[in-house]
Amino acid sequence: LLSRIDLDELMKKDEPPLDFPDTLEGFEYAFNEKGQLRHIKTGEPFVFNYREDLHRWNQKRYEALGEIITKYVYELLEKDCNLKKISIPVDATESEPKSFIFMSDDALTNPQKLMVLIHGSGVVRAGQWARRLIINEDLDSGTQIPFIKRAVDEGYGVIVLNPNENYIEVEKPKMHVQSSSDSSDEPAEKRERKDKVCKETKKRRDFYEKYRNPQREKEMMQLYIRENGSPEEHAIYVWDHFIAQSAAENVFFVAHSYGGLAFVELMIQREADVKSKVTAVALTDSVHNVWHQEAGKTIREWMREPLLGVFSHIREQNLFFSIWSMNNFRRDVFGKNKKKMTFLARATTDQKDDIMLTTDHLHIQMFS
């Protein structure tokens with residue numbers, strides 16, 4: 001393949017350095033009073049195609065901005081929502097990889113109500129529903145902050161999970177490869193011929209790699225976080241060490257996308273405990289599957305009884321929304337008027353509307 005590619009022609013247009021700012025100000029963006037990301041000078045929304053015909057560079061720029069926004073949301077959780085950042089594993093040594101969650105001061109001591117939020121898969125981290133919505137819409141659309149503030153105002157303790165923070169990345173150590181000429185007993189002429197072929201092959205490979213990866217990014221390796229190496233593990237760990245230890249009589253889950261799958265796995269692994277403590281679960285655009293996850297009959301029955309509200313189910317769009325309420329729901333756990341949850345939201349093909357409608361209607365139903 002390499003011999004058939006004119007690499008000189010492919011590499012005529014060099015990619016700019018992947019050297020991006022590490023602050024919003026460096027990108028010349030800021031969030032305005034409406035929580036919208038806008039350019040400091042022009043007031044325009046974020047522009048993905050900053051450089052024409054350089055999709056990879058634009059994507060890297062977008063990812064760099066996304067990492068800054070993740071840290072920004074963490075700051076909002078602590079400063080605006082008054083949540084505490086809790087390191088996990090709880091017994092971690094100084095040298096081992098760590099993750100963290102966020103909790104309100106009364107998360108473990110509130111005797112009545114505890115709200116647990118779980119986001120979906122991908123690049124999102126604690127406090128986010130969707131990075132794309134944060135960047136292209138606003139903070140209220142893409143973060144969990146409206147949920148957290150409303151829950152706190154209504155007297156709930158709050159725990160925000162961080163199921164995608166499963167490992168840390170460190171630079172891969174360079175391996176020293178001993179030259180074949182140093183360790184072989186082959187005749188000198190044969191060694192020289194083999195070395196020449198190896199050098200030419202390496203030269204072609206390096207040249208192609210320079211085109212494929214012109215910035216020569218460092219090779220990284222992943223060090224997984226103990227007992228938190230996947231979203232499912234994380235959900236179980238937080239349950240065992242925090243939620244199960246909380247004083248709350250009624251625990252409520254809001255789980256989006258892959259967070260729904262993580263909840264179902266938690267249910268499978270801790271069925272009796274979850275049944276005794278969880279009052280209601282809201283699954284938004286959940287990707288769980290009780291059959292593929294091999295949930296038992298008692299779990300499937302529990303998740304169906306009583307069914308007080310259902311999101312629209314549009315099979316051809318492959319959208320699924322559901323809200324399940326459990327056996328303790330007869331008590332006044334969501335508000336003062338003992339209202340039952342009925343129709344909560346409609347499914348839509350647009351991701352923005354999916355999440356915004358879901359959260360808005362859940363606010364109305366769960367907190368009114």
# chains A, B, ... in the order shown; residues from 1 in each chain; ligands from 1
>>> select_by_dssp(residues="stretch 35-160 of chain A", states="alpha helix (DSSP H)", output="ChimeraX atom specification")
/A:55-79,131-136,139-142,145-153
>>> closest_atom_pairs(of="stretch 7-116 of chain A", to="stretch 277-282 of chain A", cutoff="10 Å", atoms="only C-alpha atoms", output="CSV")
residue,atom,partner,partner_atom,distance
A:Lys113,CA,A:Thr279,CA,9.4
A:Leu114,CA,A:Val278,CA,9.4
A:Met115,CA,A:Ala280,CA,9.8
A:Val116,CA,A:Val281,CA,9.4
>>> write_last_selection(atoms="all heavy atoms", output="PDB file, in the first residue's frame")
ATOM      1  N   LYS A 113     -34.827  12.578  51.518  1.00  0.00           N
ATOM      2  CA  LYS A 113     -34.733  12.456  50.065  1.00  0.00           C
ATOM      3  C   LYS A 113     -33.300  12.633  49.574  1.00  0.00           C
ATOM      4  O   LYS A 113     -32.597  13.537  50.000  1.00  0.00           O
ATOM      5  CB  LYS A 113     -35.629  13.507  49.391  1.00  0.00           C
ATOM      6  CG  LYS A 113     -37.095  13.373  49.750  1.00  0.00           C
ATOM      7  CD  LYS A 113     -37.923  14.460  49.076  1.00  0.00           C
ATOM      8  CE  LYS A 113     -37.667  15.830  49.680  1.00  0.00           C
ATOM      9  NZ  LYS A 113     -38.599  16.848  49.121  1.00  0.00           N
ATOM     10  N   LEU A 114     -32.913  11.756  48.645  1.00  0.00           N
ATOM     11  CA  LEU A 114     -31.599  11.842  48.004  1.00  0.00           C
ATOM     12  C   LEU A 114     -31.770  11.688  46.499  1.00  0.00           C
ATOM     13  O   LEU A 114     -32.396  10.734  46.039  1.00  0.00           O
ATOM     14  CB  LEU A 114     -30.667  10.739  48.531  1.00  0.00           C
ATOM     15  CG  LEU A 114     -29.298  10.612  47.840  1.00  0.00           C
ATOM     16  CD1 LEU A 114     -28.452  11.860  48.066  1.00  0.00           C
ATOM     17  CD2 LEU A 114     -28.562   9.365  48.337  1.00  0.00           C
ATOM     18  N   MET A 115     -31.229  12.629  45.735  1.00  0.00           N
ATOM     19  CA  MET A 115     -31.271  12.581  44.275  1.00  0.00           C
ATOM     20  C   MET A 115     -29.900  12.159  43.746  1.00  0.00           C
ATOM     21  O   MET A 115     -28.879  12.729  44.123  1.00  0.00           O
ATOM     22  CB  MET A 115     -31.639  13.946  43.703  1.00  0.00           C
ATOM     23  CG  MET A 115     -31.673  14.009  42.188  1.00  0.00           C
ATOM     24  SD  MET A 115     -33.131  13.190  41.511  1.00  0.00           S
ATOM     25  CE  MET A 115     -34.403  14.362  41.984  1.00  0.00           C
ATOM     26  N   VAL A 116     -29.886  11.161  42.856  1.00  0.00           N
ATOM     27  CA  VAL A 116     -28.646  10.663  42.258  1.00  0.00           C
ATOM     28  C   VAL A 116     -28.720  10.874  40.746  1.00  0.00           C
ATOM     29  O   VAL A 116     -29.681  10.447  40.100  1.00  0.00           O
ATOM     30  CB  VAL A 116     -28.430   9.166  42.569  1.00  0.00           C
ATOM     31  CG1 VAL A 116     -27.111   8.678  41.962  1.00  0.00           C
ATOM     32  CG2 VAL A 116     -28.449   8.925  44.076  1.00  0.00           C
TER      33      VAL A 116
END
>>> residues_around(residues="A:Ala64", least_positions_apart="4", cutoff="10 Å", atoms="only C-alpha atoms", output="PDB file with N, CA, C and O atoms, in the first residue's frame")
ATOM      1  N   LEU A  18      -0.621  21.314  16.953  1.00  0.00           N
ATOM      2  CA  LEU A  18      -1.763  21.054  17.839  1.00  0.00           C
ATOM      3  C   LEU A  18      -1.486  21.682  19.200  1.00  0.00           C
ATOM      4  O   LEU A  18      -1.427  21.013  20.232  1.00  0.00           O
ATOM      5  N   ASP A  19      -1.328  22.967  19.195  1.00  0.00           N
ATOM      6  CA  ASP A  19      -0.979  23.722  20.402  1.00  0.00           C
ATOM      7  C   ASP A  19      -2.109  24.693  20.692  1.00  0.00           C
ATOM      8  O   ASP A  19      -2.193  25.765  20.082  1.00  0.00           O
ATOM      9  N   PHE A  20      -2.995  24.308  21.631  1.00  0.00           N
ATOM     10  CA  PHE A  20      -4.196  25.085  21.883  1.00  0.00           C
ATOM     11  C   PHE A  20      -4.153  25.727  23.263  1.00  0.00           C
ATOM     12  O   PHE A  20      -3.458  25.239  24.166  1.00  0.00           O
ATOM     13  N   PRO A  21      -4.914  26.802  23.469  1.00  0.00           N
ATOM     14  CA  PRO A  21      -4.977  27.446  24.789  1.00  0.00           C
ATOM     15  C   PRO A  21      -5.531  26.498  25.837  1.00  0.00           C
ATOM     16  O   PRO A  21      -6.214  25.518  25.518  1.00  0.00           O
ATOM     17  N   ASP A  22      -5.268  26.813  27.093  1.00  0.00           N
ATOM     18  CA  ASP A  22      -5.794  25.984  28.189  1.00  0.00           C
ATOM     19  C   ASP A  22      -6.802  26.741  29.048  1.00  0.00           C
ATOM     20  O   ASP A  22      -7.121  26.327  30.155  1.00  0.00           O
ATOM     21  N   THR A  23      -7.308  27.876  28.530  1.00  0.00           N
ATOM     22  CA  THR A  23      -8.351  28.628  29.215  1.00  0.00           C
ATOM     23  C   THR A  23      -9.385  29.102  28.193  1.00  0.00           C
ATOM     24  O   THR A  23      -9.092  29.209  26.997  1.00  0.00           O
ATOM     25  N   PHE A  27      -8.997  30.937  24.266  1.00  0.00           N
ATOM     26  CA  PHE A  27      -9.777  30.659  23.054  1.00  0.00           C
ATOM     27  C   PHE A  27     -10.587  31.878  22.604  1.00  0.00           C
ATOM     28  O   PHE A  27     -11.232  31.841  21.568  1.00  0.00           O
ATOM     29  N   ASN A  58      -9.341  20.874  13.424  1.00  0.00           N
ATOM     30  CA  ASN A  58     -10.528  21.481  14.009  1.00  0.00           C
ATOM     31  C   ASN A  58     -11.120  20.608  15.110  1.00  0.00           C
ATOM     32  O   ASN A  58     -11.592  21.108  16.131  1.00  0.00           O
ATOM     33  N   GLN A  59     -11.087  19.288  14.894  1.00  0.00           N
ATOM     34  CA  GLN A  59     -11.610  18.370  15.899  1.00  0.00           C
ATOM     35  C   GLN A  59     -10.761  18.410  17.160  1.00  0.00           C
ATOM     36  O   GLN A  59     -11.286  18.407  18.278  1.00  0.00           O
ATOM     37  N   LYS A  60      -9.445  18.458  16.997  1.00  0.00           N
ATOM     38  CA  LYS A  60      -8.553  18.546  18.150  1.00  0.00           C
ATOM     39  C   LYS A  60      -8.781  19.854  18.910  1.00  0.00           C
ATOM     40  O   LYS A  60      -8.726  19.893  20.147  1.00  0.00           O
ATOM     41  N   ILE A  68     -11.571  22.118  28.658  1.00  0.00           N
ATOM     42  CA  ILE A  68     -11.656  23.336  29.464  1.00  0.00           C
ATOM     43  C   ILE A  68     -13.062  23.486  30.041  1.00  0.00           C
ATOM     44  O   ILE A  68     -13.238  23.839  31.210  1.00  0.00           O
ATOM     45  N   ILE A  69     -14.059  23.206  29.221  1.00  0.00           N
ATOM     46  CA  ILE A  69     -15.447  23.317  29.667  1.00  0.00           C
ATOM     47  C   ILE A  69     -15.751  22.300  30.766  1.00  0.00           C
ATOM     48  O   ILE A  69     -16.489  22.589  31.715  1.00  0.00           O
TER      49      ILE A  69
END
>>> atom_distance(atom1="atom CA of A:Lys34", atom2="atom CA of A:Asn82")
20.2 Å
>>> closest_residue(among="A:Asn289, A:Ile118, A:Gln222, A:Asp106", to="A:Val152", atoms="only C-alpha atoms")
A:Asp106
>>> residues_around(residues="A:Leu117", least_positions_apart="5", cutoff="8 Å", atoms="only C-alpha atoms", output="list in words")
Gln144, Val158, Ile159, Val160, Leu161, Phe253, Val254 and Ala255 of chain A
>>> residues_around(residues="stretch 295-302 of chain A", least_positions_apart="6", cutoff="12 Å", atoms="only C-alpha atoms", output="PyMOL selection string")
chain A and resi 261+263-272+274-276+278-281+288-289+324-328
>>> write_last_selection(atoms="N, CA, C and O atoms", output="short mmCIF file (atom, residue, chain, number, x, y, z; two decimals), in the first residue's frame")
data_model
loop_
_atom_site.label_atom_id
_atom_site.label_comp_id
_atom_site.auth_asym_id
_atom_site.auth_seq_id
_atom_site.Cartn_x
_atom_site.Cartn_y
_atom_site.Cartn_z
N LEU A 261 -28.25 2.02 31.53
CA LEU A 261 -27.67 0.68 31.53
C LEU A 261 -26.91 0.43 32.82
O LEU A 261 -26.98 -0.65 33.41
N PHE A 263 -27.49 1.78 35.69
CA PHE A 263 -28.45 1.57 36.78
C PHE A 263 -29.01 0.15 36.77
O PHE A 263 -29.15 -0.48 37.82
N VAL A 264 -29.36 -0.34 35.58
CA VAL A 264 -29.90 -1.70 35.49
C VAL A 264 -28.85 -2.71 35.98
O VAL A 264 -29.19 -3.68 36.68
N GLU A 265 -27.59 -2.49 35.64
CA GLU A 265 -26.54 -3.39 36.13
C GLU A 265 -26.43 -3.31 37.65
O GLU A 265 -26.23 -4.33 38.32
N LEU A 266 -26.55 -2.10 38.19
CA LEU A 266 -26.57 -1.94 39.65
C LEU A 266 -27.73 -2.73 40.24
O LEU A 266 -27.58 -3.42 41.26
N MET A 267 -28.88 -2.64 39.60
CA MET A 267 -30.06 -3.37 40.06
C MET A 267 -29.81 -4.88 40.06
O MET A 267 -30.20 -5.59 41.00
N ILE A 268 -29.14 -5.37 39.04
CA ILE A 268 -28.86 -6.80 38.94
C ILE A 268 -27.91 -7.24 40.06
O ILE A 268 -28.10 -8.30 40.67
N GLN A 269 -26.90 -6.43 40.33
CA GLN A 269 -25.88 -6.79 41.31
C GLN A 269 -26.32 -6.55 42.76
O GLN A 269 -25.81 -7.20 43.67
N ARG A 270 -27.23 -5.60 42.97
CA ARG A 270 -27.63 -5.23 44.34
C ARG A 270 -29.16 -5.18 44.44
O ARG A 270 -29.74 -4.23 44.96
N GLU A 271 -29.82 -6.19 43.94
CA GLU A 271 -31.27 -6.16 43.80
C GLU A 271 -32.01 -5.86 45.09
O GLU A 271 -32.83 -4.93 45.16
N ALA A 272 -31.75 -6.59 46.13
CA ALA A 272 -32.49 -6.42 47.39
C ALA A 272 -32.26 -5.04 47.98
O ALA A 272 -33.21 -4.38 48.44
N VAL A 274 -31.34 -2.24 46.41
CA VAL A 274 -31.94 -1.20 45.58
C VAL A 274 -33.45 -1.17 45.80
O VAL A 274 -34.05 -0.10 45.94
N LYS A 275 -34.08 -2.33 45.85
CA LYS A 275 -35.52 -2.38 46.05
C LYS A 275 -35.92 -1.74 47.38
O LYS A 275 -36.98 -1.10 47.48
N SER A 276 -35.10 -1.92 48.40
CA SER A 276 -35.46 -1.42 49.73
C SER A 276 -35.24 0.08 49.87
O SER A 276 -35.82 0.71 50.75
N VAL A 278 -34.60 2.50 46.87
CA VAL A 278 -34.92 3.37 45.73
C VAL A 278 -36.42 3.52 45.58
O VAL A 278 -37.16 2.54 45.53
N THR A 279 -36.85 4.78 45.48
CA THR A 279 -38.27 5.09 45.35
C THR A 279 -38.69 5.27 43.91
O THR A 279 -39.76 4.83 43.50
N ALA A 280 -37.87 5.96 43.11
CA ALA A 280 -38.24 6.20 41.72
C ALA A 280 -37.01 6.35 40.86
O ALA A 280 -35.96 6.79 41.33
N VAL A 281 -37.16 5.98 39.60
CA VAL A 281 -36.06 6.07 38.63
C VAL A 281 -36.60 6.71 37.35
O VAL A 281 -37.62 6.29 36.83
N HIS A 288 -30.36 0.85 28.03
CA HIS A 288 -30.36 -0.42 28.75
C HIS A 288 -31.16 -1.47 27.98
O HIS A 288 -31.98 -1.14 27.12
N ASN A 289 -30.92 -2.72 28.30
CA ASN A 289 -31.70 -3.82 27.74
C ASN A 289 -31.74 -4.93 28.78
O ASN A 289 -30.73 -5.59 29.03
N TRP A 324 -40.05 5.06 35.57
CA TRP A 324 -40.58 4.00 36.41
C TRP A 324 -40.71 4.50 37.84
O TRP A 324 -39.81 5.16 38.35
N SER A 325 -41.81 4.16 38.46
CA SER A 325 -41.99 4.53 39.86
C SER A 325 -42.20 3.26 40.67
O SER A 325 -42.87 2.35 40.23
N MET A 326 -41.57 3.23 41.85
CA MET A 326 -41.53 1.98 42.60
C MET A 326 -42.56 1.94 43.73
O MET A 326 -43.38 2.82 43.89
N ASN A 327 -42.47 0.91 44.54
CA ASN A 327 -43.55 0.58 45.46
C ASN A 327 -43.77 1.62 46.57
O ASN A 327 -44.83 1.64 47.18
N ASN A 328 -42.82 2.49 46.82
CA ASN A 328 -43.00 3.49 47.87
C ASN A 328 -43.60 4.79 47.36
O ASN A 328 -43.73 5.75 48.11
#
>>> closest_residue(among="A:Val290, A:Ile148, A:Ala30, A:Leu77", to="A:Gly260", atoms="only C-alpha atoms")
A:Val290
>>> atom_distance(atom1="atom CA of A:Ala244", atom2="atom CA of A:Asp273")
7.6 Å
>>> select_by_dssp(residues="stretch 95-268 of chain A", states="strand (DSSP E)", output="mmCIF file with C-alpha atoms, in the first residue's frame")
data_model
loop_
_atom_site.group_PDB
_atom_site.id
_atom_site.type_symbol
_atom_site.label_atom_id
_atom_site.label_comp_id
_atom_site.auth_asym_id
_atom_site.auth_seq_id
_atom_site.Cartn_x
_atom_site.Cartn_y
_atom_site.Cartn_z
ATOM 1 C CA SER A 99 -11.520 9.582 40.321
ATOM 2 C CA PHE A 100 -14.133 11.684 42.114
ATOM 3 C CA ILE A 101 -17.826 12.409 42.513
ATOM 4 C CA PHE A 102 -19.732 15.439 43.798
ATOM 5 C CA MET A 103 -22.084 15.522 46.790
ATOM 6 C CA LYS A 113 -34.733 12.456 50.065
ATOM 7 C CA LEU A 114 -31.599 11.842 48.004
ATOM 8 C CA MET A 115 -31.271 12.581 44.275
ATOM 9 C CA VAL A 116 -28.646 10.663 42.258
ATOM 10 C CA LEU A 117 -27.686 11.830 38.748
ATOM 11 C CA ILE A 118 -25.933 9.638 36.166
ATOM 12 C CA GLY A 157 -29.532 15.650 49.162
ATOM 13 C CA VAL A 158 -27.619 15.264 45.882
ATOM 14 C CA ILE A 159 -24.954 12.890 44.557
ATOM 15 C CA VAL A 160 -23.519 13.439 41.066
ATOM 16 C CA TYR A 167 -8.619 5.788 34.096
ATOM 17 C CA ILE A 168 -5.777 8.245 33.911
ATOM 18 C CA GLU A 169 -3.445 8.519 30.945
ATOM 19 C CA VAL A 170 0.324 8.554 31.264
ATOM 20 C CA GLU A 171 2.993 8.619 28.607
ATOM 21 C CA MET A 220 -0.209 7.149 25.980
ATOM 22 C CA MET A 221 -1.208 4.229 28.171
ATOM 23 C CA GLN A 222 -4.230 3.913 30.431
ATOM 24 C CA LEU A 223 -4.039 3.186 34.154
ATOM 25 C CA TYR A 224 -7.477 2.116 35.322
ATOM 26 C CA ASN A 250 -36.237 7.691 49.594
ATOM 27 C CA VAL A 251 -33.567 7.627 46.871
ATOM 28 C CA PHE A 252 -34.321 8.926 43.381
ATOM 29 C CA PHE A 253 -32.262 8.249 40.256
ATOM 30 C CA VAL A 254 -32.145 10.255 37.033
ATOM 31 C CA ALA A 255 -30.057 8.330 34.500
ATOM 32 C CA HIS A 256 -29.450 9.384 30.916
#
>>> residues_around(residues="stretch 35-39 of chain A", least_positions_apart="3", cutoff="8 Å", atoms="only C-alpha atoms", output="short mmCIF file (atom, residue, chain, number, x, y, z; two decimals) with C-alpha atoms, in the first residue's frame")
data_model
loop_
_atom_site.label_atom_id
_atom_site.label_comp_id
_atom_site.auth_asym_id
_atom_site.auth_seq_id
_atom_site.Cartn_x
_atom_site.Cartn_y
_atom_site.Cartn_z
CA GLU A 28 -11.38 34.12 23.21
CA TYR A 29 -14.68 32.65 24.36
CA ALA A 30 -16.78 33.19 27.49
CA PHE A 31 -20.22 32.27 28.82
CA ASN A 32 -22.62 35.21 28.85
CA THR A 42 -17.59 39.21 17.93
CA GLY A 43 -20.31 37.80 20.19
CA GLU A 44 -20.75 34.91 17.75
CA PRO A 45 -21.35 31.25 18.78
CA PHE A 46 -18.54 28.72 18.62
CA ILE A 134 -23.10 23.22 26.35
CA ILE A 135 -21.02 24.54 23.46
CA ASN A 136 -23.80 25.11 20.90
CA GLU A 137 -26.78 25.92 23.15
CA ASP A 138 -26.22 26.86 26.78
CA LEU A 139 -25.26 25.58 30.22
CA ASP A 140 -28.87 24.93 31.27
#
>>> closest_atom_pairs(of="stretch 224-313 of chain A", to="stretch 119-123 of chain A", cutoff="6 Å", atoms="only C-alpha atoms", output="JSON lines")
{"residue": "A:His256", "atom": "CA", "partner": "A:His119", "partner_atom": "CA", "distance": 5.1}
{"residue": "A:Ser257", "atom": "CA", "partner": "A:Gly120", "partner_atom": "CA", "distance": 4.7}
{"residue": "A:Tyr258", "atom": "CA", "partner": "A:Gly120", "partner_atom": "CA", "distance": 4.4}
{"residue": "A:Gly259", "atom": "CA", "partner": "A:Gly120", "partner_atom": "CA", "distance": 4.9}
>>> write_last_selection(atoms="all heavy atoms", output="PDB file, in the first residue's frame")
ATOM      1  N   HIS A 256     -29.315   9.091  32.339  1.00  0.00           N
ATOM      2  CA  HIS A 256     -29.450   9.384  30.916  1.00  0.00           C
ATOM      3  C   HIS A 256     -28.599   8.436  30.074  1.00  0.00           C
ATOM      4  O   HIS A 256     -27.455   8.146  30.430  1.00  0.00           O
ATOM      5  CB  HIS A 256     -29.029  10.833  30.643  1.00  0.00           C
ATOM      6  CG  HIS A 256     -29.093  11.213  29.189  1.00  0.00           C
ATOM      7  ND1 HIS A 256     -30.277  11.239  28.480  1.00  0.00           N
ATOM      8  CD2 HIS A 256     -28.121  11.560  28.306  1.00  0.00           C
ATOM      9  CE1 HIS A 256     -30.039  11.598  27.239  1.00  0.00           C
ATOM     10  NE2 HIS A 256     -28.743  11.792  27.093  1.00  0.00           N
ATOM     11  N   SER A 257     -29.159   7.949  28.976  1.00  0.00           N
ATOM     12  CA  SER A 257     -28.420   7.163  27.989  1.00  0.00           C
ATOM     13  C   SER A 257     -27.741   5.944  28.651  1.00  0.00           C
ATOM     14  O   SER A 257     -28.409   5.116  29.239  1.00  0.00           O
ATOM     15  CB  SER A 257     -27.403   8.064  27.280  1.00  0.00           C
ATOM     16  OG  SER A 257     -26.764   7.380  26.233  1.00  0.00           O
ATOM     17  N   TYR A 258     -26.416   5.869  28.579  1.00  0.00           N
ATOM     18  CA  TYR A 258     -25.710   4.719  29.148  1.00  0.00           C
ATOM     19  C   TYR A 258     -25.847   4.664  30.670  1.00  0.00           C
ATOM     20  O   TYR A 258     -25.673   3.614  31.280  1.00  0.00           O
ATOM     21  CB  TYR A 258     -24.231   4.767  28.764  1.00  0.00           C
ATOM     22  CG  TYR A 258     -23.536   3.429  28.866  1.00  0.00           C
ATOM     23  CD1 TYR A 258     -23.526   2.546  27.792  1.00  0.00           C
ATOM     24  CD2 TYR A 258     -22.906   3.031  30.040  1.00  0.00           C
ATOM     25  CE1 TYR A 258     -22.898   1.307  27.878  1.00  0.00           C
ATOM     26  CE2 TYR A 258     -22.279   1.794  30.141  1.00  0.00           C
ATOM     27  CZ  TYR A 258     -22.280   0.939  29.061  1.00  0.00           C
ATOM     28  OH  TYR A 258     -21.669  -0.291  29.157  1.00  0.00           O
ATOM     29  N   GLY A 259     -26.197   5.798  31.267  1.00  0.00           N
ATOM     30  CA  GLY A 259     -26.448   5.789  32.703  1.00  0.00           C
ATOM     31  C   GLY A 259     -27.589   4.868  33.073  1.00  0.00           C
ATOM     32  O   GLY A 259     -27.614   4.275  34.151  1.00  0.00           O
TER      33      GLY A 259
END
